[in-house]
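Peer 1: start38.cif is reproduced below (mmCIF, C-alpha atoms).
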```cif
data_upload
#
loop_
_atom_site.label_atom_id
_atom_site.label_comp_id
_atom_site.auth_asym_id
_atom_site.auth_seq_id
_atom_site.Cartn_x
_atom_site.Cartn_y
_atom_site.Cartn_z
CA MET A 1 63.09 92.76 -87.31
CA ASP A 2 62.14 93.39 -90.90
CA GLN A 3 63.74 96.07 -92.98
CA PRO A 4 61.41 98.49 -94.72
CA GLY A 5 62.47 100.12 -97.93
CA TYR A 6 63.69 99.30 -101.35
CA ASP A 7 63.87 96.32 -103.64
CA TYR A 8 67.26 96.09 -105.27
CA HIS A 9 66.62 93.01 -107.36
CA ILE A 10 64.91 91.66 -110.42
CA ASP A 11 62.27 88.99 -109.92
CA ILE A 12 63.53 85.49 -110.61
CA PRO A 13 60.63 83.02 -110.33
CA GLY A 14 61.10 80.32 -107.70
CA THR A 15 64.08 82.15 -106.22
CA THR A 16 64.29 84.22 -103.05
CA LEU A 17 67.39 86.38 -103.20
CA PHE A 18 68.96 86.36 -99.74
CA ASP A 19 69.68 90.07 -99.33
CA GLY A 20 69.76 92.51 -96.43
CA LYS A 21 66.01 92.42 -96.09
CA MET A 22 65.85 88.62 -95.80
CA ALA A 23 69.01 88.53 -93.67
CA MET A 24 67.34 90.80 -91.10
CA LYS A 25 64.07 88.88 -91.22
CA GLY A 26 65.76 85.51 -90.78
CA TYR A 27 68.55 86.41 -88.36
CA ALA A 28 67.28 84.44 -85.34
CA LEU A 29 66.38 81.41 -87.44
CA ASN A 30 69.73 81.40 -89.21
CA LYS A 31 71.59 81.90 -85.95
CA MET A 32 69.87 78.84 -84.49
CA CYS A 33 70.70 76.79 -87.59
CA TYR A 34 74.32 78.01 -87.49
CA SER A 35 74.53 76.62 -83.93
CA PHE A 36 73.80 73.16 -85.38
CA ASN A 37 77.38 73.01 -86.61
CA GLN A 38 78.05 71.52 -83.16
CA GLN A 39 76.83 68.08 -82.18
CA ILE A 40 76.07 69.20 -78.63
CA ASN A 41 73.64 71.82 -80.00
CA ARG A 42 71.98 69.37 -82.36
CA GLU A 43 71.34 67.11 -79.39
CA ALA A 44 70.03 70.00 -77.28
CA PHE A 45 67.57 70.91 -80.05
CA LEU A 46 66.30 67.34 -80.37
CA ALA A 47 65.89 67.08 -76.58
CA ASP A 48 63.73 70.22 -76.36
CA GLU A 49 62.80 71.79 -79.71
CA GLU A 50 60.45 74.43 -78.27
CA GLY A 51 62.88 75.53 -75.57
CA TYR A 52 65.73 75.67 -78.07
CA MET A 53 63.73 77.82 -80.51
CA ALA A 54 62.67 80.15 -77.68
CA ARG A 55 66.30 80.54 -76.60
CA PHE A 56 67.17 81.92 -80.05
CA GLY A 57 64.09 84.15 -80.19
CA LEU A 58 62.44 82.69 -83.29
CA ASN A 59 59.16 84.34 -84.29
CA ASP A 60 55.92 82.40 -84.69
CA GLU A 61 56.30 82.00 -88.46
CA GLN A 62 59.79 80.58 -88.04
CA LYS A 63 58.77 78.26 -85.19
CA GLU A 64 55.84 76.89 -87.19
CA ALA A 65 58.01 76.24 -90.24
CA ILE A 66 60.56 74.44 -88.04
CA ARG A 67 57.82 72.32 -86.44
CA LYS A 68 56.45 71.38 -89.85
CA ARG A 69 59.93 70.83 -91.38
CA ASP A 70 58.60 73.15 -94.10
CA VAL A 71 61.61 74.15 -96.20
CA LEU A 72 59.79 76.70 -98.40
CA GLY A 73 58.20 78.14 -95.26
CA LEU A 74 61.64 78.46 -93.67
CA ILE A 75 62.92 80.32 -96.73
CA ASP A 76 59.90 82.66 -96.64
CA ALA A 77 60.66 83.27 -92.96
CA GLY A 78 64.17 84.46 -93.84
CA GLY A 79 66.09 81.20 -93.74
CA ASN A 80 69.26 80.95 -95.83
CA ILE A 81 69.76 77.57 -97.49
CA TYR A 82 73.35 77.17 -96.26
CA TYR A 83 72.21 77.38 -92.63
CA LEU A 84 69.00 75.45 -93.29
CA ALA A 85 71.20 72.65 -94.67
CA LYS A 86 72.53 72.21 -91.14
CA PHE A 87 68.97 71.88 -89.83
CA ALA A 88 68.29 69.30 -92.57
CA GLY A 89 71.48 67.53 -91.52
CA ILE A 90 69.98 66.74 -88.12
CA PHE A 91 67.51 64.50 -89.92
CA LYS A 92 70.16 63.15 -92.32
CA LEU A 93 68.43 64.75 -95.29
CA SER A 94 70.54 65.18 -98.42
CA VAL A 95 70.28 68.21 -100.71
CA GLN A 96 68.32 66.01 -103.12
CA ASP A 97 65.83 65.21 -100.34
CA VAL A 98 65.55 68.94 -99.64
CA GLY A 99 65.21 69.68 -103.36
CA GLY A 100 62.37 67.19 -103.62
CA LEU A 101 60.61 68.66 -100.59
CA GLN A 102 60.67 72.11 -102.20
CA THR A 103 59.52 71.05 -105.66
CA GLY A 104 56.84 68.50 -104.80
CA LYS A 105 58.94 65.61 -106.08
CA THR A 106 60.16 62.43 -104.46
CA THR A 107 63.94 62.30 -103.99
CA GLU A 108 64.16 59.86 -106.92
CA GLU A 109 62.09 62.16 -109.15
CA PHE A 110 64.27 65.09 -108.16
CA GLN A 111 67.43 63.12 -108.99
CA GLN A 112 65.93 62.20 -112.37
CA TYR A 113 65.19 65.88 -112.99
CA LEU A 114 68.84 66.75 -112.26
CA ALA A 115 70.11 64.01 -114.58
CA SER A 116 67.67 65.08 -117.32
CA GLN A 117 69.57 68.37 -117.66
CA ALA A 118 72.82 66.66 -118.73
CA MET B 1 110.66 86.42 -106.76
CA ALA B 2 107.72 84.06 -106.69
CA ARG B 3 106.17 82.54 -109.80
CA ILE B 4 102.53 81.67 -110.52
CA LEU B 5 102.39 78.23 -112.13
CA GLY B 6 98.73 78.30 -113.03
CA GLY B 7 95.21 78.00 -111.77
CA ILE B 8 92.85 75.10 -111.15
CA THR B 9 89.11 75.27 -110.72
CA THR B 10 86.80 72.62 -109.41
CA SER B 11 83.38 72.22 -107.89
CA HIS B 12 83.63 71.68 -104.13
CA ILE B 13 80.42 69.76 -103.41
CA PRO B 14 80.35 68.15 -99.92
CA ALA B 15 79.22 64.84 -101.42
CA VAL B 16 82.58 64.66 -103.26
CA GLY B 17 84.40 64.57 -99.92
CA ASN B 18 82.09 61.79 -98.84
CA ALA B 19 82.73 59.87 -102.08
CA ILE B 20 86.50 60.20 -101.56
CA ASN B 21 86.20 58.93 -97.97
CA LYS B 22 84.23 55.92 -99.22
CA GLY B 23 86.53 55.28 -102.21
CA LEU B 24 83.74 55.60 -104.79
CA GLN B 25 85.94 56.99 -107.59
CA ASP B 26 85.14 54.08 -109.93
CA ASP B 27 81.44 53.93 -109.07
CA PRO B 28 79.35 54.53 -112.26
CA TYR B 29 77.77 57.68 -110.78
CA TRP B 30 81.12 59.18 -109.77
CA LYS B 31 83.51 57.98 -112.47
CA PRO B 32 82.72 60.69 -115.08
CA PHE B 33 83.48 63.29 -112.41
CA PHE B 34 86.70 61.77 -111.05
CA ASP B 35 87.95 61.07 -114.59
CA GLY B 36 88.58 64.81 -114.80
CA TYR B 37 91.39 64.68 -112.23
CA PRO B 38 94.29 62.38 -113.32
CA LYS B 39 95.66 65.05 -115.69
CA VAL B 40 95.46 67.56 -112.86
CA HIS B 41 97.28 65.14 -110.54
CA LYS B 42 100.07 64.70 -113.08
CA TRP B 43 100.44 68.47 -113.52
CA VAL B 44 100.53 69.02 -109.76
CA GLN B 45 103.12 66.25 -109.34
CA ASP B 46 105.26 67.57 -112.20
CA ASN B 47 105.17 71.15 -110.92
CA LYS B 48 105.09 70.66 -107.13
CA PRO B 49 103.85 74.09 -105.99
CA ASP B 50 105.23 75.42 -102.70
CA TYR B 51 102.11 77.44 -101.91
CA VAL B 52 98.44 77.14 -102.75
CA ILE B 53 96.09 80.13 -102.76
CA ASN B 54 92.68 78.56 -102.17
CA ILE B 55 89.90 80.93 -103.25
CA TYR B 56 86.58 79.57 -102.00
CA ASN B 57 83.38 80.71 -100.38
CA ASP B 58 82.51 79.88 -96.79
CA HIS B 59 79.06 78.29 -96.32
CA GLY B 60 78.43 79.05 -92.66
CA LEU B 61 81.34 77.54 -90.78
CA GLY B 62 84.04 80.22 -90.65
CA PHE B 63 81.63 83.15 -90.84
CA PHE B 64 78.08 83.89 -89.74
CA LEU B 65 75.76 86.75 -90.67
CA ASP B 66 76.80 88.73 -87.57
CA ARG B 67 79.96 89.71 -89.48
CA MET B 68 80.10 88.92 -93.17
CA PRO B 69 83.31 89.99 -94.90
CA THR B 70 83.09 90.54 -98.65
CA PHE B 71 86.73 89.43 -99.03
CA ALA B 72 88.55 87.62 -96.22
CA ILE B 73 92.14 86.36 -96.22
CA GLY B 74 93.45 83.80 -93.76
CA ALA B 75 96.65 84.76 -91.93
CA ALA B 76 97.17 81.76 -89.68
CA HIS B 77 99.78 79.04 -89.13
CA GLU B 78 97.11 76.42 -89.70
CA TYR B 79 93.47 76.10 -90.69
CA ARG B 80 91.13 73.76 -88.87
CA ASN B 81 88.43 71.77 -90.60
CA GLU B 82 85.35 71.30 -88.41
CA ASP B 83 81.94 69.65 -88.31
CA GLU B 84 79.57 71.58 -90.59
CA GLY B 85 76.50 70.07 -88.99
CA TRP B 86 76.42 66.72 -90.72
CA GLY B 87 78.66 64.86 -88.29
CA LEU B 88 81.28 64.02 -90.92
CA PRO B 89 84.77 63.39 -89.52
CA ALA B 90 86.93 66.53 -89.68
CA LEU B 91 90.27 66.36 -91.48
CA PRO B 92 93.51 67.30 -89.67
CA PRO B 93 94.49 71.00 -89.89
CA PHE B 94 95.96 72.37 -93.12
CA PRO B 95 99.35 74.12 -92.81
CA GLY B 96 99.25 77.88 -93.42
CA ALA B 97 101.78 80.39 -94.72
CA PRO B 98 101.26 83.52 -92.61
CA GLU B 99 104.27 85.34 -94.09
CA LEU B 100 102.73 85.03 -97.56
CA SER B 101 99.28 85.90 -96.18
CA TRP B 102 100.50 89.16 -94.68
CA HIS B 103 102.44 90.00 -97.83
CA ILE B 104 99.22 89.58 -99.85
CA ILE B 105 97.21 91.62 -97.34
CA GLU B 106 99.78 94.46 -97.36
CA SER B 107 99.93 94.53 -101.13
CA MET B 108 96.17 94.35 -101.70
CA VAL B 109 95.25 96.99 -99.14
CA ALA B 110 97.92 99.25 -100.69
CA ASP B 111 96.07 98.59 -103.96
CA GLU B 112 92.87 99.78 -102.27
CA PHE B 113 91.21 96.39 -101.79
CA ASP B 114 89.66 96.38 -98.31
CA ILE B 115 90.50 93.03 -96.74
CA THR B 116 89.32 91.26 -93.61
CA SER B 117 92.36 89.45 -92.16
CA CYS B 118 91.71 86.27 -90.18
CA GLN B 119 94.18 84.84 -87.66
CA GLU B 120 91.71 82.08 -86.94
CA LEU B 121 89.57 80.59 -89.66
CA ALA B 122 87.76 77.27 -89.69
CA VAL B 123 87.64 76.00 -93.28
CA ASP B 124 84.65 74.12 -94.69
CA HIS B 125 84.07 71.87 -97.70
CA GLY B 126 84.63 74.79 -100.07
CA PHE B 127 88.31 74.82 -99.07
CA VAL B 128 88.84 71.19 -98.10
CA VAL B 129 87.27 69.20 -100.95
CA PRO B 130 89.44 70.80 -103.67
CA MET B 131 92.54 70.04 -101.58
CA GLN B 132 91.43 66.38 -101.33
CA LEU B 133 90.83 66.30 -105.08
CA PHE B 134 94.19 67.76 -106.10
CA TRP B 135 96.40 66.29 -103.31
CA PRO B 136 94.95 62.86 -102.52
CA GLY B 137 95.13 62.15 -98.80
CA ALA B 138 95.27 65.88 -97.98
CA PRO B 139 96.52 67.32 -95.79
CA ASN B 140 98.69 64.23 -95.23
CA ASN B 141 100.14 64.27 -98.73
CA PRO B 142 103.95 64.66 -98.87
CA ASP B 143 103.57 67.31 -101.60
CA MET B 144 100.92 69.30 -99.73
CA PRO B 145 101.75 72.98 -100.24
CA ARG B 146 101.23 75.50 -97.46
CA ALA B 147 97.95 77.33 -97.95
CA VAL B 148 96.46 80.80 -97.94
CA PRO B 149 92.64 80.70 -97.88
CA ILE B 150 90.72 83.56 -99.48
CA SER B 151 86.96 83.57 -99.00
CA ALA B 152 84.50 85.79 -100.86
CA ASN B 153 80.93 86.33 -99.73
CA THR B 154 78.33 84.54 -101.81
CA VAL B 155 76.02 83.82 -98.87
CA GLN B 156 74.32 87.19 -98.62
CA HIS B 157 73.59 89.81 -101.27
CA PRO B 158 75.06 92.22 -102.17
CA ILE B 159 77.84 89.97 -103.44
CA PRO B 160 80.85 91.33 -105.39
CA THR B 161 80.45 92.02 -109.11
CA LEU B 162 82.21 89.79 -111.64
CA ASN B 163 84.34 92.75 -112.62
CA ARG B 164 85.41 93.26 -109.00
CA ALA B 165 86.23 89.57 -108.70
CA LEU B 166 88.44 89.67 -111.81
CA ASN B 167 90.16 92.84 -110.59
CA PHE B 168 90.69 91.25 -107.17
CA GLY B 169 92.53 88.47 -108.97
CA LYS B 170 94.67 90.94 -110.88
CA ALA B 171 95.69 92.66 -107.64
CA LEU B 172 96.36 89.25 -106.12
CA ARG B 173 98.67 88.49 -109.07
CA LYS B 174 100.63 91.66 -108.39
CA ALA B 175 100.93 90.67 -104.73
CA LEU B 176 102.09 87.12 -105.48
CA LEU B 177 104.66 88.13 -108.10
CA SER B 178 106.23 90.59 -105.66
CA PHE B 179 106.63 87.99 -102.89
CA PRO B 180 110.39 87.99 -102.26
CA GLU B 181 110.95 84.25 -102.26
CA ASP B 182 111.88 81.90 -105.08
CA ALA B 183 108.61 80.02 -104.74
CA LYS B 184 106.07 78.31 -107.01
CA ILE B 185 102.43 79.19 -106.42
CA VAL B 186 99.19 77.65 -107.67
CA VAL B 187 95.83 79.44 -107.40
CA LEU B 188 92.56 77.55 -106.92
CA GLY B 189 89.10 78.85 -107.74
CA THR B 190 86.49 76.57 -106.19
CA GLY B 191 82.72 76.26 -106.46
CA GLY B 192 80.11 76.24 -109.22
CA LEU B 193 79.16 75.71 -111.83
CA SER B 194 75.38 76.19 -112.24
CA HIS B 195 73.21 74.97 -109.37
CA GLN B 196 70.40 76.05 -107.12
CA LEU B 197 69.61 74.43 -103.79
CA ASP B 198 66.70 76.58 -102.59
CA GLY B 199 63.17 77.50 -103.58
CA GLN B 200 60.74 76.17 -106.15
CA ARG B 201 63.54 76.49 -108.70
CA ALA B 202 65.77 74.05 -106.75
CA GLY B 203 67.56 71.67 -109.11
CA PHE B 204 68.09 74.30 -111.80
CA ILE B 205 71.14 73.63 -114.00
CA ASN B 206 72.14 75.58 -117.12
CA LYS B 207 74.50 73.75 -119.45
CA GLU B 208 74.46 76.46 -122.11
CA PHE B 209 75.45 79.21 -119.69
CA ASP B 210 78.17 77.04 -118.11
CA ARG B 211 79.63 76.37 -121.57
CA TYR B 212 79.66 80.09 -122.25
CA CYS B 213 81.55 80.72 -119.00
CA LEU B 214 84.00 77.86 -119.61
CA ASP B 215 84.65 78.97 -123.19
CA ASN B 216 85.36 82.56 -122.23
CA ILE B 217 87.17 82.34 -118.93
CA VAL B 218 90.43 81.02 -120.41
CA HIS B 219 91.16 83.65 -123.07
CA ASN B 220 88.39 86.21 -122.79
CA PRO B 221 87.51 86.71 -119.12
CA GLU B 222 86.74 90.42 -119.64
CA GLU B 223 83.69 89.32 -121.67
CA LEU B 224 82.25 87.71 -118.55
CA THR B 225 82.40 90.97 -116.57
CA LYS B 226 79.39 92.09 -118.65
CA ILE B 227 77.25 89.61 -116.71
CA THR B 228 75.38 91.43 -113.94
CA ARG B 229 74.96 89.79 -110.55
CA GLN B 230 71.23 89.41 -111.15
CA GLU B 231 71.92 87.75 -114.49
CA LEU B 232 74.39 85.45 -112.76
CA VAL B 233 71.72 84.32 -110.28
CA LYS B 234 69.18 83.92 -113.07
CA ASN B 235 71.49 81.99 -115.42
CA ALA B 236 73.74 80.05 -113.02
CA GLY B 237 71.23 79.51 -110.19
CA ALA B 238 71.22 81.01 -106.72
CA GLN B 239 74.37 79.13 -105.67
CA GLY B 240 75.99 79.34 -109.11
CA THR B 241 77.21 82.73 -107.94
CA GLU B 242 80.24 80.73 -106.78
CA PHE B 243 81.53 81.38 -110.29
CA LEU B 244 82.93 84.57 -108.74
CA MET B 245 85.73 82.41 -107.29
CA TRP B 246 86.68 81.30 -110.80
CA MET B 247 86.88 84.94 -111.88
CA MET B 248 89.11 85.80 -108.91
CA MET B 249 91.44 82.92 -109.77
CA ARG B 250 91.48 83.87 -113.44
CA GLY B 251 92.52 87.43 -112.68
CA ALA B 252 95.61 86.13 -110.92
CA LEU B 253 96.88 84.25 -114.00
CA GLY B 254 97.61 87.11 -116.41
CA ASP B 255 97.15 87.09 -120.19
CA ASP B 256 99.67 84.47 -121.33
CA VAL B 257 97.91 81.21 -120.46
CA THR B 258 97.27 77.75 -121.88
CA GLU B 259 94.34 75.46 -121.11
CA ILE B 260 95.73 72.05 -120.10
CA THR B 261 92.54 70.15 -119.37
CA ARG B 262 88.87 70.58 -118.62
CA ASN B 263 85.97 68.41 -117.52
CA TYR B 264 82.26 69.10 -117.24
CA HIS B 265 79.64 66.72 -115.90
CA ILE B 266 75.95 66.87 -114.94
CA PRO B 267 74.90 66.11 -112.27
CA ILE B 268 77.04 65.64 -109.19
CA SER B 269 74.68 66.07 -106.27
CA ASN B 270 72.60 69.11 -107.36
CA THR B 271 75.39 70.65 -109.39
CA ALA B 272 76.92 70.92 -112.84
CA ALA B 273 80.51 70.05 -111.93
CA GLY B 274 83.30 71.82 -113.79
CA THR B 275 87.07 71.36 -113.64
CA LEU B 276 89.62 73.47 -115.48
CA LEU B 277 93.41 73.62 -115.39
CA ILE B 278 95.06 76.72 -116.84
CA GLU B 279 98.84 77.00 -117.02
CA CYS B 280 100.73 80.28 -116.98
CA ALA B 281 103.64 80.80 -119.35
CA ALA B 282 106.97 80.19 -117.61
#
```
In structure tokens, what does this structure look like?
Peer 2:
Amino acid sequence: MDQPGYDYHIDIPGTTLFDGKMAMKGYALNKMCYSFNQQINREAFLADEEGYMARFGLNDEQKEAIRKRDVLGLIDAGGNIYYLAKFAGIFKLSVQDVGGLQTGKTTEEFQQYLASQA
Amino acid sequence: MARILGGITTSHIPAVGNAINKGLQDDPYWKPFFDGYPKVHKWVQDNKPDYVINIYNDHGLGFFLDRMPTFAIGAAHEYRNEDEGWGLPALPPFPGAPELSWHIIESMVADEFDITSCQELAVDHGFVVPMQLFWPGAPNNPDMPRAVPISANTVQHPIPTLNRALNFGKALRKALLSFPEDAKIVVLGTGGLSHQLDGQRAGFINKEFDRYCLDNIVHNPEELTKITRQELVKNAGAQGTEFLMWMMMRGALGDDVTEITRNYHIPISNTAAGTLLIECAA
């Protein structure tokens, strides 16, 4: 369920502040990703992705972003990066892989961008 | 009465734990980071703390969004490390110090800090990696102190203000100094410095802001309480809010301190990695 109401935050381009509003929006998605802490749950997801998503009550936007492995879409759908990192872990993606996916860079280009800020 | 020896900060990036497991300390990518630790090792060996207060932020192992404590203190005999979703081997449990935990909780609640006490708490990389960095082989290091974990919420806004974090540390200092045991205590502040994992701004690092924080935290931490939480996100990145842990640690050290060593390196994983050792006057 989404929370109506107020915006407590300044706009920071390229950044979605994970606040109460996003936490409510993403609860089911984040709860599913939190379950991936356990190997048995990671295996259950891989064996039946649709059934696993249905069990946690993901909405259509969240399901579609999971199907597409769309990280920015998952964040828009209320995903918190710390839980999404566990989803990424299923596919052995590093945080540089995930960074590249979000910024339109290859992993190598993303790593070069990080190093360029030294 | 107990004595606070000093405080140590470090980044707690999961990849560091992986590098330690693989023995990559002399690898060209990792060497500039690990070169920041021999002086810390020597200080730890010379001083041999009895207890370690490990101030970190949980990343979705010990806590979920169903219940998200702003400040949580472990009060257990031991703390388990568990799989965080990446299938890495878990370390053996870390020994706790429940008598010290409950002393801190009593003292801080009396000082009007509202604490969530945890008799079970799984500890993630935020707690474990700094232990591995400072006590090689942890927890199977003969000098391993018994631990009290303190976790602050940086997962979900609203997060604590920098001023609240510093004041938390000051109340923690009062609690530690009144612990009726002739014990030596070290306080860790783990996380940071600037980094952002999520969104189109992923990969953001801010050397200038990190320098400002490093330069002020030793002798002028009050200056940093002027930074609003929104400014912290903007300038340190969405996950750079972990700097709150450094502020909590700093508050526990008092005014009479000396900087022993510092290291700063970009990048380790997605992060500007900072290490700082601050000693309290005897």
Peer 1: May I ask you to extract the residues of chain B within 7 Å of chain A, using all atoms listed in the file, and to give them as a PyMOL selection string?
Peer 2: chain B and resi 59-60+83-86+156-158+197-203+205+230+234+266-267+270
Peer 1: Provide the atom CA of Ala90 of chain B to atom CA of Arg146 of chain B distance in Å, to one decimal place.
Peer 2: 18.6 Å
Peer 1: Taking 6 positions as the minimum chain separation for residues in the same chain, which residues sit within 8 Å of segment 57-66 of chain A when counting only C-alpha atoms? Answer as a list in words.
Peer 2: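 Selected residues are Ala28, Leu29, Gly73, Leu74 and Ala77 of chain A.
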Peer 1: Write out, as a PDB file, in the frame of the given file, the residues just selected, with C-alpha atoms.
Peer 2:
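Contents of result.pdb, as written:
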```pdb
ATOM      1  CA  ALA A  28      67.280  84.440 -85.340  1.00  0.00           C
ATOM      2  CA  LEU A  29      66.380  81.410 -87.440  1.00  0.00           C
ATOM      3  CA  GLY A  73      58.200  78.140 -95.260  1.00  0.00           C
ATOM      4  CA  LEU A  74      61.640  78.460 -93.670  1.00  0.00           C
ATOM      5  CA  ALA A  77      60.660  83.270 -92.960  1.00  0.00           C
TER       6      ALA A  77
END
```
Peer 1: Please list as a ChimeraX atom specification every residue within 6 Å of Thr275 of chain B, counting all atoms listed in the file and excluding residues in the same chain fewer than 6 positions away.
Peer 2: /B:9-10,262-263
Peer 1: Evaluating the PyMOL selection byres ((chain B and resi 52-54) around 9) on the displayed file yields which residues, as a VMD selection string?
Peer 2: chain B and resid 49 to 51 55 to 56 127 130 to 131 144 to 151 184 to 190 249
Peer 1: Rounded to one decimal in Å, what is the spacing between atom CA of Asp70 of chain A and atom CA of Arg55 of chain A?
Peer 2: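 Straight-line distance from atom CA of Asp70 of chain A to atom CA of Arg55 of chain A works out to 20.5 Å.
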Peer 1: For a test of reading the model, state the distance in Å between atom CA of Asn153 of chain B and atom CA of Arg211 of chain B, rounded to one decimal.
Peer 2: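 If I compute the distance from atom CA of Asn153 of chain B to atom CA of Arg211 of chain B, I get 24.0 Å.
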Peer 1: For Glu112 of chain B, find every residue with an atom within 12 Å (counting all atoms listed in the file), except residues of its own chain fewer than 4 positions away, and show them as a PyMOL selection string.
Peer 2: chain B and resi 105-108+164+167-168+171-172
Peer 1: Could you check the closest approach to Pro14 of chain B for each of B:Met1, B:Ile268, B:Ala76, B:Ala110 and tell me which residue wins, using all atoms listed in the file?
Peer 2: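 Among B:Met1, B:Ile268, B:Ala76, B:Ala110, it is B:Ile268 that comes nearest to Pro14 of chain B.
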Peer 1: Pick out the closest residue to Glu99 of chain B from this set: B:His195, B:His125, B:Arg229, B:His77. Count all atoms listed in the file.
Peer 2: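 Nearest to Glu99 of chain B: B:His77.
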Peer 1: Choose the residue, out of A:Asp97, A:Thr106, A:Gly79, A:Leu46, that has the smallest atom-to-atom separation from Leu65 of chain B; count all atoms listed in the file.
Peer 2: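 Under the stated criterion, the closest residue is A:Gly79.
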Peer 1: Could you tell me which of B:Pro89, B:Pro221, B:Gly23, B:Gly274 comes closest to Gly254 of chain B if we count all atoms listed in the file?
Peer 2: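 Using all atoms listed in the file, Gly254 of chain B sits closest to B:Pro221.
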Peer 1: Out of B:Glu181, B:Asp66, B:Asp35, B:Glu231, which residue has the shortest atom-to-atom distance to Leu133 of chain B when counting all atoms listed in the file?
Peer 2: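 Closest to Leu133 of chain B, using all atoms listed in the file: B:Asp35.
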Peer 1: On this structure, which residues satisfy the PyMOL selection byres ((chain B and resi 212-214) around 9), written as a VMD selection string?
Peer 2: chain B and resid 207 to 211 215 to 218 221 224 243 262 274 276
Peer 1: Which residues would end up in the selection if the PyMOL selection byres ((chain B and resi 154) around 7) were applied here, given that I need the answer as number ranges by chain?
Peer 2: B: 57, 152-153, 155-156, 159, 241-242
Peer 1: Which one of B:Pro69, B:Ile8, B:Ser194, B:Val109 sits closest to Gly36 of chain B if you count only C-alpha atoms?
Peer 2: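 Result for the nearest residue to Gly36 of chain B: B:Ile8.
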Peer 1: Counting only C-alpha atoms, which residues sit no farther than 7 Å from the position (68.4, 80.4, -109.5) in the file's frame? I'd like them as a compact mmCIF listing (two decimals) with C-alpha atoms, in the coordinates of the input.
Peer 2:
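The resulting out07.txt:
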```txt
# COMPACT_ATOMS: atom_id res chain seq x y z
CA THR A 15 64.08 82.15 -106.22
CA GLN B 196 70.40 76.05 -107.12
CA ARG B 201 63.54 76.49 -108.70
CA PHE B 204 68.09 74.30 -111.80
CA VAL B 233 71.72 84.32 -110.28
CA LYS B 234 69.18 83.92 -113.07
CA ASN B 235 71.49 81.99 -115.42
CA ALA B 236 73.74 80.05 -113.02
CA GLY B 237 71.23 79.51 -110.19
CA ALA B 238 71.22 81.01 -106.72
```
